[in-house]
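See below for the structure under consideration.
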Amino acid sequence: MRLGCGAFAAGCVAVEVLGVALFLRGFFPPPVRSSSQPAPPAAPEPSAGASSSGTKLLPPLFGKVVVMLIDGLRDDFVFGSKGVKFMPYTTYLVEEGASHSFVAEAKPPTVTMPRIKALVTGSLPGFVDVVRNLNSPALLEDNVVTRATAAGKRVIFYGDETWVKLFPKHFVEYDGTTSFFVSDYTEVDDNVTRHLDKVLKRGDWDVLILHYLGLDHIGHISGPSSPLIGRKLSEMDSILMRIHTSLQSEEREALSPSLLVLCGDHGMSESGGHGAASLEEVSTALLLTSSAFSRKPGEVRPPERVQQTDLAATLAVGLGLPIPQHSVGRFLFPVMQGRAMREQLRFLHLNAVQLSRLLQASNPVYEREPGFEQFKMSERLHGNWVRLYLENNNSEVLLNLGAKVRRQYLGALKSLSRAVSSQVAQYDIYSMVLGTVVVLEVLALLLLSIPQALGAAAELEVPLSPVCSLLFYLAFLLLWAMHVVVCTSAERSRYLCSLTWPMAGGVLALVSALLCGVLSALTRTCVDGKLLRRNPTPSSWRWSELDFLTLAGTAGHVLSLGASSFIEEEHQTWYFLVSTLCLALCHESYRACFLGEDGEPRHCSSPASALQDRSVSCDVLELDQACQSPSSLDGLGGREKYMALASPWLVLGCCRLLRSLNQTGVQWAHRPDLGHWLTSSEHQAELSILSALSLLAIFALVQSRCSPLSKGALALGLLGVYCYRTATGHLLFPWQQDSKDLSRGIIEARFVYVFVLGILFTGIKQVLKSQVLTADVQAKTVGLWDVHSALVLLAALLFRPHNLPVLLCSLLTQTLMARFLWRPLGHGAAEVTIMHYWFGQAFFYFQGNSNNIATVDISAGFVGLNTYMEVPAMFLTAFATYAGPVLWASHLVNFLSWEPSSDLALGRACFCYALLSSIPVSAYIVLVTALRYHLFIWSVFSPKLLYEGMHLLVTAALCLCFTAVGRSSTKADTGRIARC
């Protein structure tokens, strides 16, 4: 069976997406811990030679607990200069009040749902929770909230609805607000505060949880330097004062003191996002306030650095509950410093027993761990202390021994916590191996198909011979036997083993079929190579400098993925590659202008009429031999020739300018850049002028090939983009003096969406008309350009105002390259596709993106929305993130659609895109598997793995578009080739 190279590549990428999904399912296994198991009985108090009465949990330390969780509360917002300025009451509690302050370190991913799980369970959630954060399932793992409910405590919650999803039947009263509508930073907090006075006056609750979202939303919109941050911190400070004073007044009548916890779930990067492991994102404020705490006058306690998971154990013991079974945290010892020595040792012993049980369950050689040995030593000393205590020995020996036991316990807890934290990564190796095999088989198929895919026919022979069928059955039987052995002997549950037999058989059949295809293609390649050696034929193929550059650049990029520093600074790799590509194109254009075919100098002049005499049908790069133009600039007039010589330098200048616009990565992300300068409130007028000029230039570059109707819609749409940004306060009209009476820009954004959809509808109608009714190439190309202009308009709406120059430079680079370099120099479809791919990757980073999840602009997903809608928000966020690669792929479709054999050109482009995406994905999966126990596996390698998987999904969608447009071109190409 023969297939076009485009359809073959699209199918390969679709299969590769399945392989990557299977690998990710094994690399990020969801937690299977359940809270349905009863908590083990409390360990008895150690004693030596005498029976001890401490066989039960001690009574709770606090009568009521209020947890005030402020989303995105970075530590310096409370303990730094912002806290002193905007949170005076909180600063008073930190410096002089009865409180204990900490800097709680959150582990990546620093997004809301995993951090809530860490706060209530004390465990380290899996990295896959960064995806599950979009729609949180019910929490089955043992946690403080579930234990409190089971113990009969009344829990009330107001705030982020993620809590309601995690604990659907745990709260006696709740009011959830959506956390994803980041455009709202006022009502989302007012909906929490409006319940506050009523609840504080009542006494029918034990635990009150308040989750405020406004601070995090402001960070996503305008960053941590926004003046809105100060106002929001002042609002939170006043709320904290109301809660604290109310609890103090009630404590006069209550028997037990109350506890007020102020904490954050994660921090905030300098760009306002979060999700990764930078210091600003993992450092959160934690303040515990209670009348039970004592402080000497004038005593200054700098915030101690602890783990965020330590709060779960502290809350559990404070409420008189068992510590969650899978907690890796330590009890915050300052909370119980005022208690009697026996109670202190008892609390420490319960925590140590819980961690030792967790270590025994996760590590077969737990007895060799230093922490376990230290725990046993502490337990023996604790028993001796209890014996002396029961003998009513109040001597100094008892006091010194108690202090020694306490130090031993604290050291053991630290070692045990570190040991159990290192055992949390439990990979599903079976799924990872099968997923890797699928991805590598697809890559091998693509590599072996290069000669046929890039040949004259651009078709491939898919073997369906009896020999291949016999090999398929043998491979399938072997894999099935292996599957049975693995599933019957594995100690842990495997994802593939949990599937039904038909589904598991389908996966194994796919692996077997791919193996047959690879062996068949390899055999055909070997046979063709022997025939070629027996009957050598002269070949016109020659390796150019550009070919060597693309090969070396691709190989160098793949090799760089093995180092964490290169992944963090991957943008530098792409900046270097596109800059080198510009220099190579400059060299090629100068050589084509000043040197003849024999390499001798020649006079660089040609009639200007040569360009005018070329017909519209052949005024492009021709890929077939009938219409191929010479690789020179002779067809250009004098003015166009000078532009051709200057174009690489202009593009190089644009790239250098864009590098200074957005600092990204890790090493230099903290340094000021043009983006920070433009977005500051002092330079709003400069940003407005730059944005207006950028929108005018974008219209000038895009409108020339649009249909008349689309030109008008594009002009009005770009005007709507500017109006939207003025409505949200980012830009100013000339007559606007201040930013009062700002709206959310809902009407203006929807106004732009109408024009985007209208232009899309017009373009798609033109393409379908040229395919179904007439073989009109002009209508098809105009329709495709209309679709491209609609994507440009959508990107202009979603981009931050200071990023509009990125969009402008992208369009300018496309125009210069297409008009003055790719067409006159006669580059083939493969070379043009590789260059589009490289520039698409570079502009992904020019936007300010990185391999850090915190750089994802979530606010783009809520442009024009007045409530949270999951599907539109996810689509808009994904498009805004990958706008660079998508727009360059869209331009590639338009560029190649002008070819007389555009179906072949687009098929080759699809094949090259699939190959270029498959090589780094395959290599990176192998590298991640080998480095799965690396120190930076969760902070560096795992986010990059998610980005690679998402990029492959985008590539699959682009390949389908390439194939669809290529098939629609076949009918129109017949008449056009004859005219050419």
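All residue names refer to the structure tokens as shown: chains lettered A, B, ... in order, residues numbered from 1 in each chain, ligands numbered from 1 in order.
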Handout entry: Close residues, segment 143-149 of chain A itself excluded, 9 Å, only C-alpha atoms, min 2 positions apart in chain, as JSON, numbers by chain
Key = {"A": [35, 117, 119, 120, 121, 122, 139, 140, 141, 151, 152, 153, 154, 155, 167, 170, 171, 207, 312, 313, 315, 316, 319, 320, 321, 322, 323, 324, 325, 326, 327]}
Problem - Among listed residues A:Arg800, A:His788, A:Arg908, A:Arg639, nearest Ala830 of chain A (using only C-alpha atoms) - result: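 Among A:Arg800, A:His788, A:Arg908, A:Arg639, it is A:Arg908 that comes nearest to Ala830 of chain A.
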Problem - Shell around Thr178 of chain A at 9 Å using only C-alpha atoms, local window under 5 positions removed, as a list in words - result: Gly159, Asp160, Glu161, Thr162, Val188, Thr867 and Tyr868 of chain A
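For the atom pair formed by atom CA of Met87 of chain A and atom CA of Pro302 of chain A, the distance is 17.1 Å, given to one decimal.
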Practice task
Pick out each residue of segment 342-529 of chain A that DSSP on the backbone tags as helix (DSSP H, G or I); I need them as a ChimeraX atom specification.
Solution key: /A:342-362,366-368,370-390,396-421,429-448,450-453,466-489,495-498,501-529
Practice task
Measure the distance from atom CA of Leu73 of chain A to atom CA of Ser283 of chain A in Å and round it to one decimal.
Solution key: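 Distance between the two atoms: 8.7 Å.
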Problem - Residue neighbourhood segment 381-385 of chain A, 12 Å, only C-alpha atoms, exclusion window fewer than 2 positions, as a ChimeraX atom specification - result: /A:44-52,54,341-349,374-379,387-395,397-409
Exercise for the section: Would you please work out which residue, of A:Ala923, A:Leu196, A:Val78, A:Cys706, is nearest to Thr762 of chain A when using only C-alpha atoms? Expected result: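 Of all the options, A:Cys706 lies closest to Thr762 of chain A.
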Handout entry: Residues of segment 302-535 of chain A in strand (DSSP E), written as a ChimeraX atom specification
Key = /A:304-307,459-461
Residues from the last selection, N, CA, C and O atoms, saved as a CSV table (one decimal), in the first residue's frame:
```
chain,number,residue,atom,x,y,z
A,304,GLU,N,12.6,30.9,60.8
A,304,GLU,CA,13.3,29.6,60.6
A,304,GLU,C,12.8,29.0,59.3
A,304,GLU,O,11.6,29.0,58.9
A,305,ARG,N,13.7,28.4,58.5
A,305,ARG,CA,13.4,27.7,57.2
A,305,ARG,C,12.9,26.3,57.5
A,305,ARG,O,13.7,25.5,58.0
A,306,VAL,N,11.7,25.9,57.1
A,306,VAL,CA,11.2,24.6,57.4
A,306,VAL,C,10.6,24.1,56.0
A,306,VAL,O,10.6,24.8,55.0
A,307,GLN,N,10.1,22.9,56.1
A,307,GLN,CA,9.4,22.3,54.9
A,307,GLN,C,7.9,22.6,55.0
A,307,GLN,O,7.3,22.6,56.1
A,459,GLU,N,6.3,9.5,-1.9
A,459,GLU,CA,5.4,8.5,-1.5
A,459,GLU,C,6.2,7.4,-0.9
A,459,GLU,O,7.4,7.2,-1.1
A,460,LEU,N,5.5,6.6,0.0
A,460,LEU,CA,6.2,5.5,0.7
A,460,LEU,C,5.4,4.2,0.5
A,460,LEU,O,4.1,4.2,0.4
A,461,GLU,N,6.1,3.1,0.5
A,461,GLU,CA,5.4,1.8,0.3
A,461,GLU,C,5.3,1.2,1.7
A,461,GLU,O,6.3,0.9,2.4
```
Practice task
Figure out the distance between atom CA of Thr573 of chain A and atom CA of Val437 of chain A, please, to one decimal in Å.
Solution key: 28.1 Å
Completion exercise
If you count only C-alpha atoms, the residue of A:Val578, A:Ile156, A:Leu200, A:Leu549 closest to Arg659 of chain A turns out to be A:Val578
Which segment 839-940 of chain A residues have any atom within 10 Å of an atom of segment 551-570 of chain A, and for each, what is the nearest pair of atoms with distance in Å to one decimal, counting only C-alpha atoms, rows sorted by chain and number, as a Markdown table?
```
| residue | atom | partner | partner_atom | distance |
| --- | --- | --- | --- | --- |
| A:Ala842 | CA | A:Glu570 | CA | 9.7 |
| A:Tyr845 | CA | A:Glu570 | CA | 8.6 |
| A:Ser850 | CA | A:Glu568 | CA | 7.5 |
| A:Asn851 | CA | A:Glu568 | CA | 6.3 |
| A:Asn852 | CA | A:Glu568 | CA | 7.6 |
| A:Leu916 | CA | A:Thr554 | CA | 8.0 |
| A:Ile919 | CA | A:Val558 | CA | 7.5 |
| A:Pro920 | CA | A:Val558 | CA | 5.5 |
| A:Val921 | CA | A:Val558 | CA | 8.9 |
| A:Ser922 | CA | A:Val558 | CA | 9.5 |
| A:Ala923 | CA | A:Val558 | CA | 6.7 |
| A:Tyr924 | CA | A:Leu561 | CA | 6.6 |
| A:Val926 | CA | A:Gly562 | CA | 9.7 |
| A:Leu927 | CA | A:Gly562 | CA | 6.3 |
| A:Val928 | CA | A:Gly562 | CA | 8.3 |
| A:Ala930 | CA | A:Gly562 | CA | 9.8 |
| A:Leu931 | CA | A:Gly562 | CA | 8.7 |
| A:His934 | CA | A:Ser564 | CA | 9.6 |
| A:Leu935 | CA | A:Ser564 | CA | 9.8 |
| A:Phe936 | CA | A:Ser564 | CA | 7.3 |
| A:Ile937 | CA | A:Ser564 | CA | 8.8 |
| A:Ser939 | CA | A:Ser564 | CA | 9.5 |
| A:Val940 | CA | A:Ser564 | CA | 6.3 |
```
Can you build me a table of segment 373-450 of chain A residues sitting at most 8 Å from segment 491-510 of chain A, with the closest atom pair per residue and its distance in Å to one decimal, using only C-alpha atoms, sorted by chain and residue number, as a Markdown table?
```
| residue | atom | partner | partner_atom | distance |
| --- | --- | --- | --- | --- |
| A:Asp428 | CA | A:Arg494 | CA | 6.2 |
| A:Tyr430 | CA | A:Arg494 | CA | 7.0 |
| A:Ser431 | CA | A:Leu496 | CA | 6.7 |
```
Saved selection, atoms kept: all heavy atoms, as a compact mmCIF listing (two decimals), in the first residue's frame:
```
# COMPACT_ATOMS: atom_id res chain seq x y z
N ASP A 428 6.59 3.51 37.11
CA ASP A 428 6.03 2.33 36.45
C ASP A 428 6.94 2.01 35.26
O ASP A 428 6.74 2.48 34.14
CB ASP A 428 4.60 2.63 35.98
CG ASP A 428 3.92 1.42 35.38
OD1 ASP A 428 4.58 0.36 35.22
OD2 ASP A 428 2.73 1.52 35.03
N TYR A 430 7.45 -0.61 33.51
CA TYR A 430 6.86 -1.36 32.39
C TYR A 430 6.23 -0.40 31.38
O TYR A 430 6.47 -0.49 30.17
CB TYR A 430 5.83 -2.35 32.93
CG TYR A 430 5.23 -3.27 31.90
CD1 TYR A 430 5.98 -3.75 30.84
CD2 TYR A 430 3.90 -3.67 31.99
CE1 TYR A 430 5.42 -4.60 29.90
CE2 TYR A 430 3.33 -4.51 31.06
CZ TYR A 430 4.11 -4.97 30.01
OH TYR A 430 3.55 -5.80 29.07
N SER A 431 5.43 0.54 31.86
CA SER A 431 4.82 1.51 30.96
C SER A 431 5.87 2.41 30.32
O SER A 431 5.77 2.77 29.14
CB SER A 431 3.80 2.36 31.72
OG SER A 431 2.77 1.57 32.25
```
Exercise for the section: For each of A:Leu876, A:Leu793, A:Val777, A:Leu650, take the minimum atom-to-atom distance to Lys711 of chain A, counting only C-alpha atoms, then give the residue where this is smallest. Expected result: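 Closest residue, counting only C-alpha atoms: A:Leu793.
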Exercise for the section: Considering only C-alpha atoms, state which residue in the set A:Ser810, A:Thr881, A:Ser421, A:Gln771 is at the smallest distance from Asn363 of chain A. Expected result: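 The closest residue to Asn363 of chain A is A:Ser421.
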